[in-house]
Structures are given as C-alpha cells and as structure tokens.
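Below you'll find the structure, written out as structure tokens, and then a few comments.
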Amino acid sequence: MSVVAEIALESFVLLRLGERRFALRAANIVELIAPSRVFRFPNHTPALEGVILRRGKIIPICDVSEQLVGTKMTVRRFYLIATRLFGMQKESIALPVSGDCERNWIRRTSAAGFRTAAT
Amino acid sequence: MKPAPVSKTRAPRAEQIILFRVGGQLFAISSASVQEVRSVDSLTGMTQEIPQSTVRKVRHTVRRGDTTHYVVNGTIHFGVPAAAASLIFFLRHTPTALLIDGIDKMTTMTYLQALPQAFCREEREWYRGLTALDQTVVPVVRPEGFLSVEELTLLDSTLQAELRKEQERSEGSQDSE
C-alpha cells in the first residue's frame, strides 16, 4: 500500500516566496493587491513588520519568508490578503509574495507529515 | 399607520486625542488620560533620582501632591532610538509620568480598531488599538500599559528601601551630633 494517501481535490492559491512555491487554501484568500504604504510602530512580535490600510481597515503584514525559505525576501511584488483564525475570531493578514499567484485545483496528499502538491 | 422605523445608524463616537512623538515615532493618547503636560525644564529640582532602580526605563520620580509619579523614559519603553525629551505627560489613574519628544497636535478620532490578534507580545498591553488619521495609521497608547503591576510593585519596594536608608542616615547623623 502506498505511504502517500490521497485526501481530496481542493482549490488552492499557489504563491511564490523567493525561488519556492507554496499553496494556501483558496477559501482563506481574500485578494491579491499591489504593495502599498507600510505603517510601522513599535512591537515585539516576530515576523510582523507593520500594517497597511486597505479600504479603511488596518491589516497587519506578516512576512513568513524567513520561516519558510530561510531568508528574508528582498523583492515583493504583491500582498496576498488571507484570513487567519484566532480562536473564534477571523482576521485578515497581508502576506508579502515575490511573484504572481495562481489559483489551481490541487490534489492534497500527505506522507509522514510532508505535503506535496501537483496539478 | 406604523411609525417610521428608528434609524440604526449611529454617529461614530468621537474622542479627543493628543498626537505625540517618542523617539521620532508618532503615537496617540486620549486627552482625557493626560492630567497635565509640562516642560521637562520646569521640573528642575522637583525630581528625585532612584539610584538602584530595578526598572530600567524608570530613573526618577516626581512628587505631585499626595502622589509620586514614576518618570518613564518612552524611548526605552518602546525600544525606539533615544531622543531628547522636551515634555512630560502626567497621566491620570496611574502613577506614571511619560517623557516625550513633543506634541504634534490635538485632534479627534472617530474610529479605533482593536489591535489585530496577530500582534501577540507586550504591545497588547501598550496599545488600546489603532486609528487611521489622514491616511496614516497611529497606535493609541493605553496609559496603564507603561508600567505593569509587577514593575509598580518593584518600584514601590525600591522607593520604600531608599526612604528607609535615608531615614537611617538622618537618624545616624543626629545621633553623632
């Protein structure tokens, strides 16, 4: 029996961080926007570099590139606005991405905690 | 005939705020939280040093009436570049006096967004939330957030110890006379 077990076919958004690509469930994506003015203020939360103002809403920017690819991204082309759950509360966060994003139907598989994605 | 439905739209609650800078960084505070604003120069001779302060951001106290205010260095508190403080805020409902670079202006905010949950460290104590003013986002500080209960307890005990030492010294000098 194969170690890799097929789970489902789901809609994902493929995003690029540096040279690598990652997938995020499309249901968690709000929009893809051009970088706008970043407002910074003192805080101690790692990976949070400030906030942006989008349609009157203040959205934190969370740069996850260091955690995911090991280096901080120098080029950022877009902000991918995604939703994140904090307990019962849903909030928007802006993820800086370094390339185009595309929506795709992906077969999500799992193998010993490792996820692979193929269209 | 039915009466006209009551409109559910409410006018946003306005709050007077003071925009001020610490280490060049812009912050807002409710003007109701500020008891008095004074020039740092006007405090000459009124401050008392805490030589063995256990809280790095507090080095002095100012006695005003019955209350001793702990003078908080805003740049150390927020971890922003050091700057010469020209003004001091005496805050209400907390024995805190805050050193600031200066005041930008007084204005009104009609919207306060809670600090996003993504911010999960000390800043949750520092800020009441964020407001957008003239297409700029400004953090609105919480007056009680400058000194935690633990820090106040430490400072109180340090101050008590200093007072005891001073009493002992003065008693010693009286005995020698």
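Labels for the structure tokens follow display order: chains A, B, ..., residues from 1 in each chain, ligands from 1.
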
(request) Please determine the contact residues of chain B with respect to chain A at a cut-off of 10 Å, counting only C-alpha atoms, and supply them as a ChimeraX atom specification. (result) /B:25-27,77-80,111,113-124,126-127,130-132,135-139

Write down as an mmCIF file with C-alpha atoms, in the first residue's frame the residues of range 28-166 of chain B whose backbone DSSP state falls under strand (DSSP E).
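And here is the file that came out, selection.cif:
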data_model
loop_
_atom_site.group_PDB
_atom_site.id
_atom_site.type_symbol
_atom_site.label_atom_id
_atom_site.label_comp_id
_atom_site.auth_asym_id
_atom_site.auth_seq_id
_atom_site.Cartn_x
_atom_site.Cartn_y
_atom_site.Cartn_z
ATOM 1 C CA ALA B 28 -1.844 58.955 20.130
ATOM 2 C CA ILE B 29 -3.274 59.166 23.628
ATOM 3 C CA SER B 30 -6.734 60.105 24.794
ATOM 4 C CA VAL B 34 -3.486 63.205 30.452
ATOM 5 C CA GLN B 35 -3.762 65.196 33.645
ATOM 6 C CA GLU B 36 -1.051 67.705 32.848
ATOM 7 C CA VAL B 37 1.612 68.457 30.269
ATOM 8 C CA ARG B 38 4.773 70.161 31.463
ATOM 9 C CA SER B 39 8.079 71.136 30.052
ATOM 10 C CA THR B 47 12.605 65.168 40.515
ATOM 11 C CA GLN B 48 14.209 62.603 42.726
ATOM 12 C CA GLU B 49 16.593 60.005 41.397
ATOM 13 C CA VAL B 58 12.351 54.493 35.278
ATOM 14 C CA ARG B 59 15.179 56.526 36.808
ATOM 15 C CA HIS B 60 13.313 59.351 38.549
ATOM 16 C CA THR B 61 10.187 60.147 40.485
ATOM 17 C CA VAL B 62 8.234 63.384 40.696
ATOM 18 C CA ARG B 63 6.124 64.165 43.731
ATOM 19 C CA ARG B 64 2.885 65.995 42.944
ATOM 20 C CA THR B 67 1.105 61.116 44.524
ATOM 21 C CA THR B 68 4.555 60.001 43.495
ATOM 22 C CA HIS B 69 4.794 59.652 39.728
ATOM 23 C CA TYR B 70 7.354 57.338 38.188
ATOM 24 C CA VAL B 71 9.012 59.021 35.223
ATOM 25 C CA VAL B 72 9.033 56.564 32.316
ATOM 26 C CA ASN B 73 11.534 57.021 29.517
ATOM 27 C CA LEU B 87 7.812 67.438 27.536
ATOM 28 C CA ILE B 88 6.352 65.220 30.203
ATOM 29 C CA PHE B 89 2.804 63.834 30.441
ATOM 30 C CA PHE B 90 1.382 63.282 33.905
ATOM 31 C CA LEU B 91 -1.143 60.522 33.341
ATOM 32 C CA THR B 96 3.080 57.387 35.606
ATOM 33 C CA ALA B 97 4.733 60.389 34.037
ATOM 34 C CA LEU B 98 5.864 59.880 30.453
ATOM 35 C CA LEU B 99 8.814 61.629 28.838
ATOM 36 C CA ILE B 100 8.058 62.535 25.217
ATOM 37 C CA GLY B 102 6.936 66.716 21.814
ATOM 38 C CA ILE B 103 3.302 67.118 20.800
ATOM 39 C CA ASP B 104 2.330 67.188 17.124
ATOM 40 C CA LYS B 105 -1.266 68.287 17.571
ATOM 41 C CA MET B 106 -4.599 67.653 19.239
ATOM 42 C CA THR B 107 -7.286 66.108 17.105
ATOM 43 C CA THR B 108 -10.370 63.910 17.195
ATOM 44 C CA MET B 109 -10.566 60.231 16.362
ATOM 45 C CA TYR B 127 -1.901 49.871 22.877
ATOM 46 C CA ARG B 128 -5.656 50.273 23.131
ATOM 47 C CA GLY B 129 -5.801 49.890 19.389
ATOM 48 C CA LEU B 130 -5.002 51.606 16.109
ATOM 49 C CA THR B 131 -6.613 54.559 14.454
ATOM 50 C CA ALA B 132 -6.397 55.929 10.931
ATOM 51 C CA LEU B 133 -5.909 59.683 10.655
ATOM 52 C CA THR B 136 -1.849 57.400 8.434
ATOM 53 C CA VAL B 137 -2.124 54.642 10.999
ATOM 54 C CA VAL B 138 -1.373 55.694 14.557
ATOM 55 C CA PRO B 139 -1.185 53.412 17.605
ATOM 56 C CA VAL B 140 -3.308 54.658 20.505
ATOM 57 C CA VAL B 141 -1.489 54.023 23.768
#

(message) Residues of chain A classed as helix (DSSP H, G or I) by DSSP on the backbone are to be reported as a ChimeraX atom specification.
(response) /A:26-28,65-69

(message) Give me the residues near Pro81 in chain B as a PyMOL selection string, where near means some atom within 9 Å (using only C-alpha atoms) and where sequence neighbours in that chain fewer than 6 positions away do not count.
(response) chain B and resi 22-24+75

Using the selection just defined, write its residues with C-alpha atoms as a PDB file, in the first residue's frame.
ATOM      1  CA  VAL B  22       8.623  59.378  21.286  1.00  0.00           C
ATOM      2  CA  GLY B  23      11.959  58.712  19.592  1.00  0.00           C
ATOM      3  CA  GLY B  24      10.503  60.231  16.429  1.00  0.00           C
ATOM      4  CA  THR B  75      12.203  55.552  24.155  1.00  0.00           C
TER       5      THR B  75
END

(request) Name the residues in contact with range 12-22 of chain A at a cut-off of 6 Å, using only C-alpha atoms, excluding same-chain residues fewer than 4 positions from it; report them as a list in words. (result)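 Near range 12-22 of chain A, the qualifying residues are Ala26, Val97, Ser98, Gly99, Cys101, Glu102, Arg103 and Asn104 of chain A.
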
(request) Find, counting only C-alpha atoms, the residue in B:Ile76, B:Met46, B:Val149, B:Ala83 that gets nearest to Arg21 in chain B. (result) B:Ala83

(message) Using only C-alpha atoms for the distances, tell me which of B:Glu168, B:Arg13, B:Ser157, B:Glu144 is nearest to Gln52 in chain B.
(response)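 That would be B:Ser157, the residue with the smallest distance to Gln52 in chain B.
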
(message) If we count only C-alpha atoms and set the cut-off at 6 Å, which residues sit around Val40 in chain B, ignoring sequence neighbours fewer than 2 positions away in its own chain? Please answer as a ChimeraX atom specification.
(response) /B:42-43,86-87

Atoms kept (N, CA and C atoms) for selection, written as a PDB file, in the first residue's frame:
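Done, and the output landed in again.pdb:
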ATOM      1  N   SER B  42      10.865  72.669  33.399  1.00  0.00           N
ATOM      2  CA  SER B  42      10.136  73.198  34.561  1.00  0.00           C
ATOM      3  C   SER B  42      10.200  72.252  35.759  1.00  0.00           C
ATOM      4  N   LEU B  43      10.724  71.025  35.547  1.00  0.00           N
ATOM      5  CA  LEU B  43      10.770  70.051  36.641  1.00  0.00           C
ATOM      6  C   LEU B  43      12.105  70.067  37.396  1.00  0.00           C
ATOM      7  N   SER B  86      11.413  66.710  25.611  1.00  0.00           N
ATOM      8  CA  SER B  86      11.205  68.115  25.956  1.00  0.00           C
ATOM      9  C   SER B  86       9.962  68.299  26.829  1.00  0.00           C
ATOM     10  N   LEU B  87       9.054  67.311  26.754  1.00  0.00           N
ATOM     11  CA  LEU B  87       7.812  67.438  27.536  1.00  0.00           C
ATOM     12  C   LEU B  87       7.580  66.184  28.377  1.00  0.00           C
TER      13      LEU B  87
END

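Nearest-residue note for Lys72 in chain A: choosing from A:Glu49, A:Met88, A:Ile33, A:Leu9, the minimum distance belongs to A:Glu49, counting only C-alpha atoms.
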
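Taking CA of Ile18 in chain B as the reference point, CA of Ser31 in chain B is found at 5.7 Å.
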